[in-house]
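Enquirer: If you scroll down you'll find the structure; I have some questions about it.
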Amino acid sequence: MKLETHPDLQVELGALRLRVPTLMGSGCYGSGEEYAPFADLAEIGAVVLKSVTRLPRLGNPTPRLAVTPSGLLNAIGLQNPGIEHYLAHDVAKFASRPCAVVGSVAGFSVDDYAYVTQRLAVRDEIHAIELNISCPNVGSEGETFACDANLAEAATKAARAVTAKPLIVKLSPNVTDIAAIARVVEGAGADALAVINTVRGMAIDVDRREPRLGNAAGGLSGPAIRPIAVLAVWNVAAAVRIPIVGQGGIESARDALEFFLAGASAVSIGTGNFTDPRVPLNVTSGLRTYLAQRGAGSLREIVGTANPGFLGPA
Amino acid sequence: MRALATSPAIHETVVVDRRETLSGIVILGLYAPEIARLVRPGQYAMAVPPGGERAATALGVYEARDERISLMLAVVGVRTRELANLQVGAKLDLLAPLGNGFDLEALRDDVALVAGGVGLASMLLPAQHLTASGRRAHLYYGASTAEALVDESKFAELGIGVSVATDDGTRGYHGFVTELLERDGRAHDVLAACGPSPMLRAVGRIARLRGVRAQLALEETFACGVGACWGCVVAIDRSSPQAPRFPQASSAWDGHADAASASEYVYARICKEGPVFWSDELRW
């Protein structure tokens, strides 16, 4: 398939260069092959793989999903076969993807992040690493890495120390001051920030008088959280100079534009694929139309232009 | 179930007919020649929400003939209401055909088909296949009330016996369809069922007591419907051909209290490895 090249939608996240600024959110796109019958993977920027941990995880009890107004609550529980099995059986298959492949690392200790990042990042099939730091630290009192500046810094430094590949750190919105966490993570060596992970939430079945998720609490995604995400990008873009991957409820080019105008250099689409697998391609074509109609030669020209505080990638 | 070689895609379909029962069940007839040609009994479609903003909805393919398929809907929430409101001429995009359907080879000479509510939608294609290949079948069909029983005649036309049950006793047996199946006492070689989880569990129990096997088409909330998100899982024996390859649990099993039981089962995706499973391989 012939790719349009104008207006220019290229983006660089550290050394990771993408032809189009769309990443498919971790946990939402499998390894890409699940969506290959429904979307041309050559027309997306990157697939962010499902998170992998040091040891196998069965995942959470069911139900793992609850549909809520304009949103989706999930508590999958990082079901994955663990890094050893993953390296031996899964990673080689990613070489055939016609888009960039970003590995996602989750952990329950600083050492987990270092170990799994090091093992995964050496593989040629993996072009960049995203750190999923929205996990509890079992070594202390279980506070979430992403919600504590010191833990976020430690996890980022640990991963940074073991790979030179582009490192994206995914921030949680479940904090008082996301910009402060962003600054610390930038200082710890992240090449880019993913803003935001899901918003913590719960739904209760009033007939059965119990939470609708097997895990009780879950992460909310979808259009319901888009305004939360746009504000988080806005605040982070005024705090750091590294590029931001904006995400939260994007289903159209106009949704994505809110993030670009707030200061995101790229966007990630997760739950939007569940609504319609054509969303990523619609976003790309809609961005080209928007830019062309305004005489812009590249997406870069409009990034952050709605945000007076935008510092911009250096 | 054996994995089907299937070629799913996004299909742009058009509503060509629409039927609504007194109880509010809607049957949408769609012009969908490719799906009609490809779909196997027990497979399903994901309906892209016409208004966006919410995950697509999984629906069993009810009828498939020539260039038309149909979907059966009970309105249970916003997503199904939006679909049920579609009128003739409206467009509806479907991801289809999806999932592994019934293992028809394993449905031997005399099959009990058990349907609860709109689970009936996943029973007509198997019934057609069974009668066309000269096998015998009997339909046990339950619903909340008489008005919610639809289209038994389509099964009777195939020469299939039909026994019905209603929760309120307004028609047929007064009680659950699984009680009806139990009391009926007819010997069947194998069971095939689709309906709510409690009904399917009961079908599994009946099969075990009778020493026969049951294929269950599970109903669950899907997010992606294509195997990407691991949201719609069910616990299944590691030894099942449908179990995803997964390393054996160790004593260091992370975040799981019961390492011993963890080693007995893994979670399989209902949308991908299913939606049809052998009841004796499920651990639910």
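Ordering of the structure tokens sets the chain letters (A, B, ...); residue numbers start at 1 within each chain; ligands are numbered from 1 in the order shown.
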Between chain A and chain B, at 6 Å or less, what are the per-residue closest atom pairs and their distances in Å? Count only C-alpha atoms, order by chain and rising residue number, and return it as a Markdown table.

Expert:
| residue | atom | partner | partner_atom | distance |
| --- | --- | --- | --- | --- |
| A:Gly27 | CA | B:Cys229 | CA | 5.6 |
| A:Cys28 | CA | B:Cys229 | CA | 5.1 |
| A:Tyr29 | CA | B:Ala228 | CA | 5.1 |
| A:Gly30 | CA | B:Ala228 | CA | 4.0 |
| A:Glu34 | CA | B:Ala228 | CA | 5.8 |
| A:Pro37 | CA | B:Ala9 | CA | 5.5 |
| A:Phe38 | CA | B:Ala9 | CA | 5.5 |
| A:Arg64 | CA | B:Gly231 | CA | 5.3 |
| A:Leu65 | CA | B:Gly231 | CA | 5.8 |
| A:Ser70 | CA | B:Glu53 | CA | 5.2 |
| A:Pro81 | CA | B:Phe246 | CA | 5.6 |
| A:Phe274 | CA | B:Cys224 | CA | 4.6 |
| A:Thr275 | CA | B:Ala55 | CA | 4.3 |
| A:Asp276 | CA | B:Val48 | CA | 5.9 |

Enquirer: Please report, as a ChimeraX atom specification, each residue of region 53-208 of chain B to which DSSP assigns helix (DSSP H, G or I) when run on this structure's backbone.

Expert: /B:78-84,104-106,117-122,124-132,146-148,152-156,177-184,197-208

Enquirer: Among region 78-260 of chain B, which residues does DSSP mark as strand (DSSP E) when it is run on the backbone? Keep the chain and numbering as in the structure and answer as a ChimeraX atom specification.

Expert: /B:91-98,110-116,136-143,161-166,173-174,190-194,213-217,233-237

Enquirer: Could you save those same residues with C-alpha atoms as a PDB file, in the first residue's frame?

Expert:
ATOM      1  CA  LYS B  91     -25.646   0.549   7.562  1.00  0.00           C
ATOM      2  CA  LEU B  92     -23.975  -1.697  10.089  1.00  0.00           C
ATOM      3  CA  ASP B  93     -20.297  -2.621   9.996  1.00  0.00           C
ATOM      4  CA  LEU B  94     -19.390  -6.055  11.318  1.00  0.00           C
ATOM      5  CA  LEU B  95     -16.116  -7.757  12.177  1.00  0.00           C
ATOM      6  CA  ALA B  96     -16.851 -11.302  11.110  1.00  0.00           C
ATOM      7  CA  PRO B  97     -16.805 -14.231  11.130  1.00  0.00           C
ATOM      8  CA  LEU B  98     -15.062 -14.600  14.504  1.00  0.00           C
ATOM      9  CA  ASP B 110     -28.554 -37.662  18.493  1.00  0.00           C
ATOM     10  CA  VAL B 111     -27.897 -34.163  19.748  1.00  0.00           C
ATOM     11  CA  ALA B 112     -29.682 -32.175  22.442  1.00  0.00           C
ATOM     12  CA  LEU B 113     -29.609 -28.496  21.530  1.00  0.00           C
ATOM     13  CA  VAL B 114     -30.195 -26.340  24.611  1.00  0.00           C
ATOM     14  CA  ALA B 115     -30.926 -22.633  24.240  1.00  0.00           C
ATOM     15  CA  GLY B 116     -31.640 -19.935  26.813  1.00  0.00           C
ATOM     16  CA  ARG B 136     -31.113 -36.334  14.878  1.00  0.00           C
ATOM     17  CA  ALA B 137     -31.551 -33.373  17.186  1.00  0.00           C
ATOM     18  CA  HIS B 138     -34.001 -32.102  19.778  1.00  0.00           C
ATOM     19  CA  LEU B 139     -34.254 -28.477  20.896  1.00  0.00           C
ATOM     20  CA  TYR B 140     -34.775 -27.571  24.544  1.00  0.00           C
ATOM     21  CA  TYR B 141     -35.572 -23.892  24.608  1.00  0.00           C
ATOM     22  CA  GLY B 142     -36.124 -21.688  27.635  1.00  0.00           C
ATOM     23  CA  ALA B 143     -37.115 -18.070  28.068  1.00  0.00           C
ATOM     24  CA  GLY B 161     -38.589 -31.749  18.084  1.00  0.00           C
ATOM     25  CA  VAL B 162     -38.949 -28.721  20.329  1.00  0.00           C
ATOM     26  CA  SER B 163     -39.592 -28.652  24.093  1.00  0.00           C
ATOM     27  CA  VAL B 164     -40.007 -25.277  25.740  1.00  0.00           C
ATOM     28  CA  ALA B 165     -39.782 -23.926  29.252  1.00  0.00           C
ATOM     29  CA  THR B 166     -40.671 -20.536  30.688  1.00  0.00           C
ATOM     30  CA  TYR B 173     -42.554 -26.415  31.393  1.00  0.00           C
ATOM     31  CA  HIS B 174     -42.763 -24.020  34.364  1.00  0.00           C
ATOM     32  CA  VAL B 190     -24.028 -35.172  23.115  1.00  0.00           C
ATOM     33  CA  LEU B 191     -25.287 -31.740  24.173  1.00  0.00           C
ATOM     34  CA  ALA B 192     -24.756 -28.350  22.555  1.00  0.00           C
ATOM     35  CA  ALA B 193     -25.867 -25.242  24.398  1.00  0.00           C
ATOM     36  CA  CYS B 194     -25.897 -21.465  24.296  1.00  0.00           C
ATOM     37  CA  ARG B 213     -20.062 -34.480  26.618  1.00  0.00           C
ATOM     38  CA  ALA B 214     -21.408 -30.977  26.091  1.00  0.00           C
ATOM     39  CA  GLN B 215     -20.254 -28.147  23.862  1.00  0.00           C
ATOM     40  CA  LEU B 216     -21.061 -24.793  25.408  1.00  0.00           C
ATOM     41  CA  ALA B 217     -21.131 -21.493  23.507  1.00  0.00           C
ATOM     42  CA  VAL B 233     -11.418 -15.179  29.634  1.00  0.00           C
ATOM     43  CA  VAL B 234     -12.567 -18.439  31.197  1.00  0.00           C
ATOM     44  CA  ALA B 235     -10.530 -20.888  33.284  1.00  0.00           C
ATOM     45  CA  ILE B 236      -9.735 -24.056  31.361  1.00  0.00           C
ATOM     46  CA  ASP B 237      -7.632 -27.200  31.916  1.00  0.00           C
TER      47      ASP B 237
END

Enquirer: Which residues, written as a ChimeraX atom specification, have at least one atom at most 10 Å from Ser240 (chain B), with only C-alpha atoms counted and residues fewer than 5 positions away on the same chain left out?

Expert: /B:1,265-266,268,277-278,280-282

Enquirer: Quick one: residues within 8 Å of Glu186 (chain A), only C-alpha atoms counted, chain neighbours fewer than 5 positions away excluded, as a list in words?

Expert: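 So, after excluding close chain neighbours, the residues are Asp191, Ala192, Val240 and Ile242 of chain A.
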
Enquirer: Hey, can you check how far CA of Asn282 (chain A) sits from CA of Gly249 (chain A)?

Expert: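 The value is 14.4 Å.
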
Enquirer: Take CA of Tyr44 (chain B) and CA of Arg108 (chain B) and report the distance between them in Å, one decimal.

Expert: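 Separating CA of Tyr44 (chain B) from CA of Arg108 (chain B) is a distance of 22.9 Å.
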
Enquirer: Tell me, as a list of chain:residue names, which residues lie within 10 Å of Arg200 (chain A), counting only C-alpha atoms; anything in the same chain fewer than 6 positions away does not count.

Expert: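 The residues satisfying every condition are A:Leu73, A:Asn74, A:Ala75, A:Ser172, A:Pro173, A:Asn174, A:Ala217, A:Gly218, A:Gly219, A:Leu220, A:Ser221.
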
Enquirer: Which residues, written as a PDB file with all heavy atoms, in the first residue's frame, have at least one atom at most 7 Å from region 264-269 of chain A, with only C-alpha atoms counted and residues fewer than 5 positions away on the same chain left out?

Expert:
ATOM      1  N   VAL A  11       7.284  11.533  13.360  1.00  0.00           N
ATOM      2  CA  VAL A  11       7.564  11.939  14.731  1.00  0.00           C
ATOM      3  C   VAL A  11       8.761  11.144  15.245  1.00  0.00           C
ATOM      4  O   VAL A  11       8.991  10.012  14.819  1.00  0.00           O
ATOM      5  CB  VAL A  11       6.321  11.721  15.633  1.00  0.00           C
ATOM      6  CG1 VAL A  11       5.903  10.266  15.638  1.00  0.00           C
ATOM      7  CG2 VAL A  11       6.581  12.195  17.052  1.00  0.00           C
ATOM      8  N   PRO A  21       2.124   9.292  13.523  1.00  0.00           N
ATOM      9  CA  PRO A  21       2.248   9.497  14.967  1.00  0.00           C
ATOM     10  C   PRO A  21       1.251   8.710  15.789  1.00  0.00           C
ATOM     11  O   PRO A  21       0.769   9.194  16.813  1.00  0.00           O
ATOM     12  CB  PRO A  21       1.980  10.996  15.095  1.00  0.00           C
ATOM     13  CG  PRO A  21       0.960  11.260  14.031  1.00  0.00           C
ATOM     14  CD  PRO A  21       1.294  10.334  12.885  1.00  0.00           C
ATOM     15  N   THR A  22       0.923   7.491  15.348  1.00  0.00           N
ATOM     16  CA  THR A  22      -0.079   6.693  16.064  1.00  0.00           C
ATOM     17  C   THR A  22       0.560   5.438  16.642  1.00  0.00           C
ATOM     18  O   THR A  22       1.133   4.631  15.920  1.00  0.00           O
ATOM     19  CB  THR A  22      -1.219   6.276  15.125  1.00  0.00           C
ATOM     20  OG1 THR A  22      -0.648   5.757  13.913  1.00  0.00           O
ATOM     21  CG2 THR A  22      -2.120   7.453  14.786  1.00  0.00           C
ATOM     22  N   LEU A  23       0.442   5.279  17.950  1.00  0.00           N
ATOM     23  CA  LEU A  23       0.861   4.051  18.617  1.00  0.00           C
ATOM     24  C   LEU A  23      -0.395   3.338  19.084  1.00  0.00           C
ATOM     25  O   LEU A  23      -1.410   3.970  19.382  1.00  0.00           O
ATOM     26  CB  LEU A  23       1.760   4.360  19.817  1.00  0.00           C
ATOM     27  CG  LEU A  23       3.135   4.974  19.510  1.00  0.00           C
ATOM     28  CD1 LEU A  23       3.029   6.479  19.366  1.00  0.00           C
ATOM     29  CD2 LEU A  23       4.140   4.616  20.593  1.00  0.00           C
ATOM     30  N   MET A  24      -0.339   2.011  19.107  1.00  0.00           N
ATOM     31  CA  MET A  24      -1.486   1.238  19.589  1.00  0.00           C
ATOM     32  C   MET A  24      -1.208   0.862  21.041  1.00  0.00           C
ATOM     33  O   MET A  24      -0.181   0.262  21.352  1.00  0.00           O
ATOM     34  CB  MET A  24      -1.685  -0.018  18.736  1.00  0.00           C
ATOM     35  CG  MET A  24      -1.906   0.259  17.252  1.00  0.00           C
ATOM     36  SD  MET A  24      -3.323   1.338  16.912  1.00  0.00           S
ATOM     37  CE  MET A  24      -2.483   2.809  16.316  1.00  0.00           C
ATOM     38  N   GLY A  25      -2.118   1.235  21.937  1.00  0.00           N
ATOM     39  CA  GLY A  25      -1.875   1.155  23.377  1.00  0.00           C
ATOM     40  C   GLY A  25      -1.601  -0.250  23.878  1.00  0.00           C
ATOM     41  O   GLY A  25      -2.218  -1.224  23.443  1.00  0.00           O
ATOM     42  N   VAL A 233      -1.848  16.009  29.630  1.00  0.00           N
ATOM     43  CA  VAL A 233      -0.861  16.327  28.590  1.00  0.00           C
ATOM     44  C   VAL A 233      -0.503  17.811  28.645  1.00  0.00           C
ATOM     45  O   VAL A 233       0.663  18.197  28.572  1.00  0.00           O
ATOM     46  CB  VAL A 233      -1.391  15.932  27.197  1.00  0.00           C
ATOM     47  CG1 VAL A 233      -0.514  16.510  26.087  1.00  0.00           C
ATOM     48  CG2 VAL A 233      -1.464  14.411  27.075  1.00  0.00           C
ATOM     49  N   PRO A 243       9.426  14.408  24.284  1.00  0.00           N
ATOM     50  CA  PRO A 243       8.118  14.249  23.629  1.00  0.00           C
ATOM     51  C   PRO A 243       7.113  13.467  24.461  1.00  0.00           C
ATOM     52  O   PRO A 243       7.483  12.625  25.282  1.00  0.00           O
ATOM     53  CB  PRO A 243       8.442  13.505  22.327  1.00  0.00           C
ATOM     54  CG  PRO A 243       9.845  13.065  22.427  1.00  0.00           C
ATOM     55  CD  PRO A 243      10.527  13.797  23.534  1.00  0.00           C
ATOM     56  N   ILE A 244       5.847  13.771  24.221  1.00  0.00           N
ATOM     57  CA  ILE A 244       4.737  13.153  24.947  1.00  0.00           C
ATOM     58  C   ILE A 244       3.887  12.352  23.961  1.00  0.00           C
ATOM     59  O   ILE A 244       3.586  12.836  22.864  1.00  0.00           O
ATOM     60  CB  ILE A 244       3.862  14.241  25.607  1.00  0.00           C
ATOM     61  CG1 ILE A 244       4.678  15.006  26.664  1.00  0.00           C
ATOM     62  CG2 ILE A 244       2.598  13.639  26.221  1.00  0.00           C
ATOM     63  CD1 ILE A 244       4.028  16.315  27.088  1.00  0.00           C
ATOM     64  N   VAL A 245       3.525  11.138  24.379  1.00  0.00           N
ATOM     65  CA  VAL A 245       2.550  10.336  23.625  1.00  0.00           C
ATOM     66  C   VAL A 245       1.221  10.494  24.359  1.00  0.00           C
ATOM     67  O   VAL A 245       1.042   9.949  25.453  1.00  0.00           O
ATOM     68  CB  VAL A 245       2.970   8.853  23.557  1.00  0.00           C
ATOM     69  CG1 VAL A 245       1.970   8.070  22.710  1.00  0.00           C
ATOM     70  CG2 VAL A 245       4.382   8.706  23.005  1.00  0.00           C
ATOM     71  N   GLY A 246       0.300  11.240  23.772  1.00  0.00           N
ATOM     72  CA  GLY A 246      -0.978  11.519  24.427  1.00  0.00           C
ATOM     73  C   GLY A 246      -1.957  10.374  24.214  1.00  0.00           C
ATOM     74  O   GLY A 246      -2.039   9.815  23.124  1.00  0.00           O
ATOM     75  N   GLN A 247      -2.693  10.044  25.250  1.00  0.00           N
ATOM     76  CA  GLN A 247      -3.634   8.931  25.114  1.00  0.00           C
ATOM     77  C   GLN A 247      -4.735   9.001  26.146  1.00  0.00           C
ATOM     78  O   GLN A 247      -4.528   9.438  27.268  1.00  0.00           O
ATOM     79  CB  GLN A 247      -2.919   7.596  25.208  1.00  0.00           C
ATOM     80  CG  GLN A 247      -2.013   7.434  26.402  1.00  0.00           C
ATOM     81  CD  GLN A 247      -0.930   6.383  26.146  1.00  0.00           C
ATOM     82  OE1 GLN A 247      -1.104   5.217  26.423  1.00  0.00           O
ATOM     83  NE2 GLN A 247       0.178   6.818  25.587  1.00  0.00           N
ATOM     84  N   ILE A 250      -9.195   8.383  22.519  1.00  0.00           N
ATOM     85  CA  ILE A 250      -9.130   8.928  21.148  1.00  0.00           C
ATOM     86  C   ILE A 250      -9.869   7.999  20.181  1.00  0.00           C
ATOM     87  O   ILE A 250      -9.568   6.820  20.085  1.00  0.00           O
ATOM     88  CB  ILE A 250      -7.667   9.108  20.705  1.00  0.00           C
ATOM     89  CG1 ILE A 250      -6.989  10.181  21.563  1.00  0.00           C
ATOM     90  CG2 ILE A 250      -7.607   9.465  19.207  1.00  0.00           C
ATOM     91  CD1 ILE A 250      -5.498  10.311  21.328  1.00  0.00           C
ATOM     92  N   ALA A 256      -7.723  13.316  18.518  1.00  0.00           N
ATOM     93  CA  ALA A 256      -6.255  13.295  18.557  1.00  0.00           C
ATOM     94  C   ALA A 256      -5.692  14.708  18.535  1.00  0.00           C
ATOM     95  O   ALA A 256      -4.708  15.013  19.213  1.00  0.00           O
ATOM     96  CB  ALA A 256      -5.718  12.484  17.380  1.00  0.00           C
ATOM     97  N   PHE A 259      -5.021  16.467  21.725  1.00  0.00           N
ATOM     98  CA  PHE A 259      -3.767  16.088  22.378  1.00  0.00           C
ATOM     99  C   PHE A 259      -2.565  16.779  21.720  1.00  0.00           C
ATOM    100  O   PHE A 259      -1.669  17.259  22.414  1.00  0.00           O
ATOM    101  CB  PHE A 259      -3.592  14.563  22.338  1.00  0.00           C
ATOM    102  CG  PHE A 259      -4.531  13.839  23.263  1.00  0.00           C
ATOM    103  CD1 PHE A 259      -5.824  13.513  22.873  1.00  0.00           C
ATOM    104  CD2 PHE A 259      -4.120  13.490  24.546  1.00  0.00           C
ATOM    105  CE1 PHE A 259      -6.682  12.851  23.736  1.00  0.00           C
ATOM    106  CE2 PHE A 259      -4.970  12.829  25.412  1.00  0.00           C
ATOM    107  CZ  PHE A 259      -6.262  12.509  25.005  1.00  0.00           C
ATOM    108  N   PRO A 280      -7.414   4.072  13.972  1.00  0.00           N
ATOM    109  CA  PRO A 280      -6.064   4.600  13.734  1.00  0.00           C
ATOM    110  C   PRO A 280      -5.873   5.167  12.324  1.00  0.00           C
ATOM    111  O   PRO A 280      -5.239   6.213  12.149  1.00  0.00           O
ATOM    112  CB  PRO A 280      -5.168   3.383  13.946  1.00  0.00           C
ATOM    113  CG  PRO A 280      -5.945   2.481  14.846  1.00  0.00           C
ATOM    114  CD  PRO A 280      -7.387   2.679  14.447  1.00  0.00           C
ATOM    115  N   VAL A 303       1.999  21.226  17.004  1.00  0.00           N
ATOM    116  CA  VAL A 303       2.108  20.618  18.340  1.00  0.00           C
ATOM    117  C   VAL A 303       2.253  21.704  19.409  1.00  0.00           C
ATOM    118  O   VAL A 303       3.094  22.598  19.304  1.00  0.00           O
ATOM    119  CB  VAL A 303       3.293  19.628  18.403  1.00  0.00           C
ATOM    120  CG1 VAL A 303       3.615  19.234  19.849  1.00  0.00           C
ATOM    121  CG2 VAL A 303       2.977  18.384  17.590  1.00  0.00           C
ATOM    122  N   GLY A 304       1.415  21.651  20.407  1.00  0.00           N
ATOM    123  CA  GLY A 304       1.516  22.566  21.538  1.00  0.00           C
ATOM    124  C   GLY A 304       0.990  23.967  21.287  1.00  0.00           C
ATOM    125  O   GLY A 304       1.072  24.825  22.176  1.00  0.00           O
TER     126      GLY A 304
END

Enquirer: Considering only C-alpha atoms, can you say which of A:Asp124, A:Gly295, A:Thr305, A:Phe108 comes closest to Glu141 (chain A)?

Expert: A:Phe108

Enquirer: Could you check how far CA of Asp177 (chain A) sits from CA of Phe145 (chain A), in Å to one decimal?

Expert: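 We find that CA of Asp177 (chain A) and CA of Phe145 (chain A) lie 14.2 Å from each other.
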
Enquirer: Quick one: residues within 8 Å of region 148-158 of chain B, only C-alpha atoms, excluding same-chain residues fewer than 6 positions away - as an MDAnalysis selection string?

Expert: chainID B and resid 21:25 117 124 127:128 131 139 141:142

Enquirer: Between B:Glu67, B:Glu20, B:Asp167, B:Glu12, which has the minimum distance to Thr145 (chain B) (counting only C-alpha atoms)?

Expert: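 Counting only C-alpha atoms, the residue closest to Thr145 (chain B) is B:Asp167.
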